[in-house]
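To be precise, the following lines are input_19.pdb, and they hold PDB, C-alpha atoms and all ligand atoms.
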ATOM      1  CA  MET A   1       1.978 -13.425  17.949
ATOM      2  CA  THR A   2       4.642 -11.437  16.169
ATOM      3  CA  TRP A   3       4.679 -11.638  12.394
ATOM      4  CA  SER A   4       7.636 -11.006  10.175
ATOM      5  CA  ILE A   5       7.081  -8.848   7.100
ATOM      6  CA  THR A   6       7.055 -12.052   5.067
ATOM      7  CA  ASP A   7       4.214 -13.395   7.190
ATOM      8  CA  GLN A   8       2.386 -10.117   6.828
ATOM      9  CA  VAL A   9       2.875 -10.062   3.090
ATOM     10  CA  ARG A  10       1.357 -13.503   2.938
ATOM     11  CA  ARG A  11      -1.474 -12.595   5.293
ATOM     12  CA  ARG A  12      -2.309  -9.288   3.676
ATOM     13  CA  GLY A  13      -1.909 -10.700   0.200
ATOM     14  CA  ARG A  14      -4.926 -12.941   0.480
ATOM     15  CA  PRO A  15      -8.376 -12.721   2.013
ATOM     16  CA  ARG A  16      -8.509 -13.010   5.757
ATOM     17  CA  GLY A  17      -9.419 -16.293   7.263
ATOM     18  CA  PRO A  18      -8.132 -19.247   9.266
ATOM     19  CA  GLY A  19      -5.511 -21.624   8.096
ATOM     20  CA  PRO A  20      -1.772 -21.760   7.602
ATOM     21  CA  GLU A  21      -0.168 -18.738   6.021
ATOM     22  CA  LEU A  22       2.100 -20.653   3.750
ATOM     23  CA  THR A  23       0.644 -19.731   0.400
ATOM     24  CA  PRO A  24       2.249 -17.064  -1.766
ATOM     25  CA  PRO A  25       0.509 -13.697  -1.871
ATOM     26  CA  ARG A  26      -2.588 -13.603  -4.012
ATOM     27  CA  ILE A  27      -2.238 -11.069  -6.731
ATOM     28  CA  SER A  28      -5.396  -9.195  -7.630
ATOM     29  CA  ASN A  29      -5.359  -7.032 -10.736
ATOM     30  CA  ALA A  30      -1.605  -7.258 -10.858
ATOM     31  CA  ARG A  31      -0.318  -5.038 -13.615
ATOM     32  CA  SER A  32       2.684  -7.261 -14.115
ATOM     33  CA  PRO A  33       3.133 -10.499 -12.160
ATOM     34  CA  ASN A  34       6.870 -10.496 -12.837
ATOM     35  CA  ARG A  35       7.271  -6.921 -11.629
ATOM     36  CA  ALA A  36       5.119  -7.732  -8.612
ATOM     37  CA  ASP A  37       7.345 -10.696  -7.775
ATOM     38  CA  GLU A  38      10.440  -8.517  -8.114
ATOM     39  CA  ALA A  39       8.912  -5.852  -5.897
ATOM     40  CA  LEU A  40       7.981  -8.455  -3.300
ATOM     41  CA  ASP A  41      11.498  -9.870  -3.359
ATOM     42  CA  ALA A  42      12.958  -6.387  -2.850
ATOM     43  CA  LEU A  43      10.586  -5.664   0.032
ATOM     44  CA  THR A  44      11.168  -8.947   1.838
ATOM     45  CA  HIS A  45      14.928  -8.633   1.329
ATOM     46  CA  ALA A  46      14.965  -5.130   2.834
ATOM     47  CA  ALA A  47      12.790  -6.304   5.729
ATOM     48  CA  ARG A  48      15.519  -8.721   6.761
ATOM     49  CA  ASP A  49      17.613  -5.739   7.837
ATOM     50  CA  THR A  50      14.858  -3.358   8.896
ATOM     51  CA  THR A  51      11.798  -4.439  10.832
ATOM     52  CA  PRO A  52       8.937  -2.108   9.907
ATOM     53  CA  ALA A  53       6.702  -0.689  12.618
ATOM     54  CA  CYS A  54       3.690  -2.503  11.190
ATOM     55  CA  THR A  55       5.173  -5.847  12.187
ATOM     56  CA  GLY A  56       2.723  -7.645  14.446
ATOM     57  CA  ASP A  57       0.200  -4.806  14.263
ATOM     58  CA  ALA A  58      -3.192  -6.342  13.498
ATOM     59  CA  ARG A  59      -4.536  -3.014  12.233
ATOM     60  CA  PHE A  60      -2.493  -3.516   9.075
ATOM     61  CA  THR A  61      -4.286  -6.758   8.249
ATOM     62  CA  ALA A  62      -7.784  -5.626   9.226
ATOM     63  CA  GLU A  63     -10.424  -4.797   6.671
ATOM     64  CA  ARG A  64     -10.968  -1.137   5.949
ATOM     65  CA  HIS A  65     -14.443  -1.104   7.523
ATOM     66  CA  GLU A  66     -12.898  -2.436  10.743
ATOM     67  CA  THR A  67     -10.437   0.458  11.004
ATOM     68  CA  PRO A  68     -11.499   3.480  13.069
ATOM     69  CA  PRO A  69     -10.537   6.860  11.565
ATOM     70  CA  THR A  70      -8.110   7.566  14.418
ATOM     71  CA  ASP A  71      -6.271   4.308  13.690
ATOM     72  CA  LEU A  72      -6.185   5.179  10.003
ATOM     73  CA  ILE A  73      -4.461   8.472  10.750
ATOM     74  CA  ALA A  74      -1.963   6.752  13.033
ATOM     75  CA  MET A  75      -1.250   4.040  10.470
ATOM     76  CA  ARG A  76      -0.643   6.596   7.731
ATOM     77  CA  GLY A  77       1.822   8.327  10.061
ATOM     78  CA  ILE A  78       3.635   5.033  10.653
ATOM     79  CA  CYS A  79       3.913   4.396   6.933
ATOM     80  CA  ARG A  80       5.018   7.948   6.157
ATOM     81  CA  THR A  81       8.140   7.532   8.310
ATOM     82  CA  CYS A  82       8.808   3.891   7.437
ATOM     83  CA  PRO A  83      12.209   3.259   5.872
ATOM     84  CA  LEU A  84      10.587   0.609   3.674
ATOM     85  CA  HIS A  85       7.830   2.913   2.412
ATOM     86  CA  ASP A  86       9.033   3.213  -1.162
ATOM     87  CA  LEU A  87       9.569  -0.527  -1.561
ATOM     88  CA  CYS A  88       6.228  -1.259   0.116
ATOM     89  CA  ASN A  89       4.469   1.242  -2.125
ATOM     90  CA  THR A  90       6.087  -0.205  -5.233
ATOM     91  CA  TYR A  91       4.939  -3.666  -4.244
ATOM     92  CA  ALA A  92       1.412  -2.548  -3.432
ATOM     93  CA  THR A  93       0.898  -0.486  -6.572
ATOM     94  CA  THR A  94       2.366  -3.212  -8.749
ATOM     95  CA  ALA A  95       0.783  -6.280  -7.173
ATOM     96  CA  ARG A  96      -2.452  -4.706  -5.965
ATOM     97  CA  PRO A  97      -2.743  -7.038  -2.943
ATOM     98  CA  ALA A  98      -6.126  -8.592  -2.273
ATOM     99  CA  ALA A  99      -6.247  -7.158   1.250
ATOM    100  CA  GLY A 100      -4.420  -5.128   3.840
ATOM    101  CA  PHE A 101      -2.937  -1.716   4.469
ATOM    102  CA  TRP A 102       0.190  -0.977   2.454
ATOM    103  CA  ALA A 103       2.309   2.181   2.388
ATOM    104  CA  GLY A 104      -0.507   4.343   3.666
ATOM    105  CA  ALA A 105      -3.502   2.885   1.829
ATOM    106  CA  HIS A 106      -5.936   0.017   2.044
ATOM    107  CA  TYR A 107      -6.052  -2.474  -0.800
ATOM    108  CA  GLY A 108      -8.609  -5.076  -1.694
ATOM    109  CA  LYS A 109     -12.251  -5.245  -2.575
ATOM    110  CA  GLU A 110     -13.141  -2.362  -0.273
ATOM    111  CA  GLY A 111     -10.959  -0.033  -2.309
ATOM    112  CA  SER A 112      -8.219   2.323  -1.301
ATOM    113  CA  SER A 113      -8.487   4.784   1.549
TER
HETATM  114  S1  LIG B   1       5.169   1.417   4.601
HETATM  115 FE1  LIG B   1       3.671   0.908   6.205
HETATM  116  S2  LIG B   1       2.753  -1.048   5.589
HETATM  117 FE2  LIG B   1       4.666  -0.766   4.399
HETATM  118  S3  LIG B   1       6.247  -1.841   5.569
HETATM  119 FE3  LIG B   1       6.279   0.318   6.215
HETATM  120  S4  LIG B   1       4.925   0.449   8.008
HETATM  121 FE4  LIG B   1       4.497  -1.501   6.964
END

Rewrite the coordinates I just gave you, this time as structure tokens.
Ligand code: SF4
Amino acid sequence: MTWSITDQVRRRGRPRGPGPELTPPRISNARSPNRADEALDALTHAARDTTPACTGDARFTAERHETPPTDLIAMRGICRTCPLHDLCNTYATTARPAAGFWAGAHYGKEGSS
């Protein structure tokens, strides 16, 4: 299955589990919900023109403890060269997603990596 960035935002923005991915991203510890919404809008808008390399890559939705160190290094390399990195980082640092790997770091209850 290939996910769009919007699907990934939804998937990574909430705890993993079965069910439709139609809910908006869950914001955990969001510093500013309005700023987080704006950052998400900017990221999803940019992703319409540029498909990031994380699209469809299940490593980016896996929990941190499920990610081997070699994958972590590879994922950081992908994010470092991603044209959406700054927008992704702004979203992640503003919204503090409940799960997933964003702009080179894990978010969620397991902490950043
Ligand atoms: S910075 Fe990384 S996680 Fe964010 S869109 Fe780009 S590849 Fe995906």

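Applied to this file, the PyMOL selection byres (((chain A and resi 32-40) around 7) and not hetatm) selects the residues Ala30, Arg31, Asp41, Ala42, Leu43, Thr44, Leu87, Thr90, Tyr91, Thr94 and Ala95 of chain A.
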
Set the cut-off to 6 Å, count only C-alpha atoms and all ligand atoms, and list whatever residues fall near ligand LIG 1 (chain B) as an MDAnalysis selection string.
-> chainID A and resid 52:54 78:79 82 84:85 88 101:104

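If you look at CA of Pro68 (chain A) and CA of Tyr107 (chain A), they are 16.0 Å away from each other.
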
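Taking CA of Leu72 (chain A) and CA of Thr55 (chain A) as the two end points, the separation is 16.0 Å.
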
For the atom pair CA of Ala98 (chain A) and CA of Met75 (chain A), what is the interatomic distance in Å to one decimal place?
-> 18.6 Å

Can you sort out the box for region 97-104 of chain A, edges along x, y and z, all listed atoms in, 5 Å on every side, with centre and edge lengths in Å to one decimal, as JSON?
{"center_x": -2.0, "center_y": -2.1, "center_z": 0.8, "size_x": 18.6, "size_y": 22.9, "size_z": 17.4}

Matched chain/residue IDs from the PyMOL selection byres (((chain A and resi 106) around 12) and not hetatm), as a VMD selection string | chain A and resid 12 to 13 59 to 67 72 75 to 76 79 89 92 to 93 96 to 105 107 to 113
